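In what follows, a single structure is set out as structure tokens and then discussed.
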Amino acid sequence: MSNFISLWQAAITFGTVILFGALGEILTEKSGNLNLCTPGIMYLGGIAALAGAFFYENGNPSPNPVVGVLVALLCCVIASALGGLLFSFLTITLRANQNVTGLTLTILGSGVANFFGGSMNKLAGGVGQISVATTSAAFRATTGLSGLGTVGKLLFSYGFLTYAAIVLAVVLSLFLNRTRKGLNLRAVGESPATADATGINVTLYKYLATCVGAAVTGLGGAFYVMNYIKGTWANDGTIEGLGWLALALVIFASWKTLNALWGSYLFGILYWLYFYIGGLTRYSQELFKMLPYVVTILVLVITSMRKKKENLGPAALGLSYFREER
Amino acid sequence: MAKTTATKSPLIRIAKREDISRPKAWLIRIAAILIALLVDGLIIFAIVHLNPVAVYQAMFSGAFGTARRGWITLRDAGILLCIGIGLAPAFKMKFWNLGAEGQILVGGIATAGCMIYLGGRLPAPLLLLVMAVASIAAGAVWGLIPAAAKARWDTNESLFTLMLNYVAIQLTSYAVARWENPFGSNTVGVINQNTQAGWFPKLFGQTYGLNLLLALILMLAMFVYLNYTKHGYEIAVAGESHNTARYAGINMTKVYLRTMVISGAICGFTGFIAVAGSSHTISTSTAGGRGFTAIIVAWLSKFNPFVMVLISMLLAFLGSGATEIASRYNLNDYAAQMIEGVILFFILGSEFFINYRLIFRGKEERAA
């Protein structure tokens, strides 16, 4: 039983990172922008949250946890939205290729994040690893409900962002399917020319969806830094792997945020399963870690075989829209 | 009347440019790189308060300061070039092969496996041949799988190849755990350190001579293949419009499969060069993100192998240079990625000014 509880907890924490990434990416892709820089944006969000908290804690002898959290979240959202803005400017205004721009942003994001993550403490005159204990503890703080035995452990033992992600998944689902603006956004992603003809400002929708989506994706990076590795930094490329997995989750969820919700926890279970299966050698564990990727490939192939329209992505995904070139 | 139209027209309009002269296009690109270097200089100054000129000088000496450093820079450029060459045919037919990373790794695993199990049992030339064939086959299979799904069910290839990268990374971790040496280190170590079985021989007295020769051969072969063969023509037509290609009687299934086998095979072969000709070991960082960087190399060069040489050289120079400034000024290596990212963004952005021109409000009235 305790094994199951710890697997469940690991899966939820893991899942929340990629859930934020996938939610942001779904919002972006609904506007027809295939943003391949999820890892780059998560890197930017993560490092910005860490840097914000670091400078706040460094400057204050007795840092206030609430202020630390707010500073971290604000920095994270601004930095990742700026990443989204850069992507939008290049692909929408300068009409650069979306895939190539996304990959470039991933290179830039991982460079910036790993550079500052590795040397921020040194640049600030400190020694050793960067660490933001107070803010990270506030991110991971739980309510009294976590003491309620097994139920408390299963449901209430997580930091506030875990629940924020769940709420966000529901809100986004309502926004996309039940509001006029959501309908407009989906129209932009399905057929920008039609949307344009009905008077929807295609450029504005694409810009906004990409920037807001990037901000949400960035929260995944902040969650990773603050909750998953507890307010430190590691130059081991884990965020990059998680970023691509978030992209995989978007396909797995067939662009529906509620599917992404349970899908993210399922990915978490698949990812950590090897740890709880007895009798695995160290090298067969490595094969087990393939599972989330193999499952995604299977989903990708099966949905393309069935060709059900509602399971495929937006029709104009990855295509730039130029009004003049119709 | 004229006044109302003037207020209605936007401040800046964009018009497509059909014919820009080649020198002018290159002028724009070079200007973009110079501006990017300037911006990078400002960033460097803002972070570490060092004179950017001194930093660039340090980078140059890091990349070309000694003959050995120069060769290492050339070796890195060669590998980037080989991957770019491998990706070119796939991208030219608009098949988004984001899986070079994985294709390099499986090629590397095949190479390392041959070195470990066959090293010392086969004569050196035969061993190298077996390694090359194994790596090519592994890469080809890794490229063929997503192509088959694309041809049969129209499966999204960019996401499929992306996922295959991670499958390949886990396979590599598995292989590393299997072959670790010494036991418990979780690295393979230098394979055949004493016998040097399966290592590239020196060519013209240079350790990396063979690496460069192979890259050069691949480059010329790909140039001919893309520009002067029927296959190359079919790829070009398919890249412009899949429907046109079908209409012209080109069998798209065949083109997909054939091109991706070639693309994967070259990337797998690059894994062979990276393992047997350079690191003599295998790890999950054998590809090290170069599979992604090479996509940008291939795209920015518009699939022209000769332009690819220039861009690969630029990126390899930045890489070696940044390693040097990192150690000299006590920073970390990722400064290279940051500088690289900024430069690539400027080159990407500059393409807009090559393809389009801006017309400011009021300009045309004066012209008319």
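Ligands are numbered from 1 in the order shown, residues from 1 within each chain, and chains are lettered A, B, ... in the order they appear in the structure tokens.
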Can you check which parts of chain A lie within 7 Å of chain B? Per residue, the shortest pair of atoms and distance in Å to one decimal, counting only C-alpha atoms, sorted by chain and number, as a Markdown table.
| residue | atom | partner | partner_atom | distance |
| --- | --- | --- | --- | --- |
| A:Leu90 | CA | B:Gly349 | CA | 6.4 |
| A:Leu94 | CA | B:Phe352 | CA | 5.5 |
| A:Arg95 | CA | B:Phe352 | CA | 6.8 |
| A:Ala96 | CA | B:Leu348 | CA | 6.6 |
| A:Val100 | CA | B:Ile296 | CA | 6.2 |
| A:Leu103 | CA | B:Phe292 | CA | 6.9 |
| A:Thr104 | CA | B:Gly341 | CA | 6.1 |
| A:Leu105 | CA | B:Gly341 | CA | 6.9 |
| A:Ile107 | CA | B:Gly341 | CA | 5.8 |
| A:Leu108 | CA | B:Gly341 | CA | 4.3 |
| A:Gly111 | CA | B:Met338 | CA | 4.5 |
| A:Val112 | CA | B:Met338 | CA | 5.4 |
| A:Asn114 | CA | B:Tyr334 | CA | 6.1 |
| A:Phe115 | CA | B:Tyr334 | CA | 4.9 |
| A:Gly118 | CA | B:Asn332 | CA | 6.7 |
| A:Ser119 | CA | B:Leu331 | CA | 6.5 |
| A:Arg282 | CA | B:Ala177 | CA | 7.0 |
| A:Tyr283 | CA | B:Tyr174 | CA | 4.9 |
| A:Ser284 | CA | B:Tyr174 | CA | 6.9 |
| A:Glu286 | CA | B:Tyr174 | CA | 5.3 |
| A:Leu287 | CA | B:Gln170 | CA | 6.1 |
| A:Lys289 | CA | B:Gln170 | CA | 6.9 |
| A:Met290 | CA | B:Val167 | CA | 5.6 |
| A:Tyr293 | CA | B:Met163 | CA | 5.6 |
| A:Ile297 | CA | B:Phe160 | CA | 6.1 |
| A:Leu300 | CA | B:Thr155 | CA | 6.8 |
| A:Val301 | CA | B:Thr155 | CA | 5.9 |
| A:Ser304 | CA | B:Thr155 | CA | 5.3 |
| A:Met305 | CA | B:Trp153 | CA | 5.5 |
Per-residue DSSP, segment 174-218 of chain B, filtered to alpha helix (DSSP H), as number ranges by chain: B: 174-179, 209-218
Keeping only C-alpha atoms, write those residues as a PDB file, in the first residue's frame.
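Full text of part.pdb as output:
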ATOM      1  CA  TYR B 174      20.395   0.566 -21.776  1.00  0.00           C
ATOM      2  CA  ALA B 175      23.495  -0.063 -23.893  1.00  0.00           C
ATOM      3  CA  VAL B 176      25.623   2.084 -21.596  1.00  0.00           C
ATOM      4  CA  ALA B 177      24.419   0.163 -18.544  1.00  0.00           C
ATOM      5  CA  ARG B 178      25.158  -3.103 -20.354  1.00  0.00           C
ATOM      6  CA  TRP B 179      28.639  -2.184 -21.539  1.00  0.00           C
ATOM      7  CA  GLY B 209      41.580  13.727 -41.566  1.00  0.00           C
ATOM      8  CA  LEU B 210      39.236  10.844 -42.374  1.00  0.00           C
ATOM      9  CA  ASN B 211      36.306  12.600 -40.648  1.00  0.00           C
ATOM     10  CA  LEU B 212      36.686  15.582 -42.943  1.00  0.00           C
ATOM     11  CA  LEU B 213      37.215  13.465 -46.063  1.00  0.00           C
ATOM     12  CA  LEU B 214      33.986  11.557 -45.386  1.00  0.00           C
ATOM     13  CA  ALA B 215      32.079  14.800 -44.782  1.00  0.00           C
ATOM     14  CA  LEU B 216      33.436  16.208 -48.030  1.00  0.00           C
ATOM     15  CA  ILE B 217      32.422  13.110 -50.027  1.00  0.00           C
ATOM     16  CA  LEU B 218      28.931  13.169 -48.509  1.00  0.00           C
TER      17      LEU B 218
END
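With only C-alpha atoms taken into account, the protein and nucleic acid residues at most 8 Å from Ser173 of chain A (excluding it and anything under 6 positions from it in its own chain) are Lys256, Thr257 and Leu258 of chain A.
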Using only C-alpha atoms, please write the residues we just selected to a file, as a short mmCIF file (atom, residue, chain, number, x, y, z; two decimals), in the first residue's frame.
data_model
loop_
_atom_site.label_atom_id
_atom_site.label_comp_id
_atom_site.auth_asym_id
_atom_site.auth_seq_id
_atom_site.Cartn_x
_atom_site.Cartn_y
_atom_site.Cartn_z
CA LYS A 256 -8.51 18.20 -25.21
CA THR A 257 -7.46 19.70 -21.90
CA LEU A 258 -9.49 17.27 -19.76
#
Surrounding residues of Thr195 of chain B excluding itself and chain neighbours under 6 positions, 12 Å, only C-alpha atoms, as number ranges by chain: B: 115-116, 119-121, 123-124
Distance query Ile72 of chain B at most 10 Å, only C-alpha atoms, self and fewer than 6 positions along chain excluded, as a ChimeraX atom specification: /B:63-64,66,78,207-208,278,316-317,320
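Using only C-alpha atoms, the nearest neighbour of Gly84 of chain B within the list B:Tyr256, B:Tyr56, B:Phe306, B:Tyr329 is B:Phe306.
Between Gly143 of chain B and the residues B:Cys82, B:Leu87, B:Ile43, B:Ile28, the shortest atom-to-atom distance, using only C-alpha atoms, involves B:Leu87.
Reported to one decimal place, the separation of atom CA of Leu257 of chain B from atom CA of Gly107 of chain B is 18.6 Å.
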Pairwise distance for atom CA of Ile18 of chain A and atom CA of Ala79 of chain A, rounded to one decimal in Å: 18.4 Å
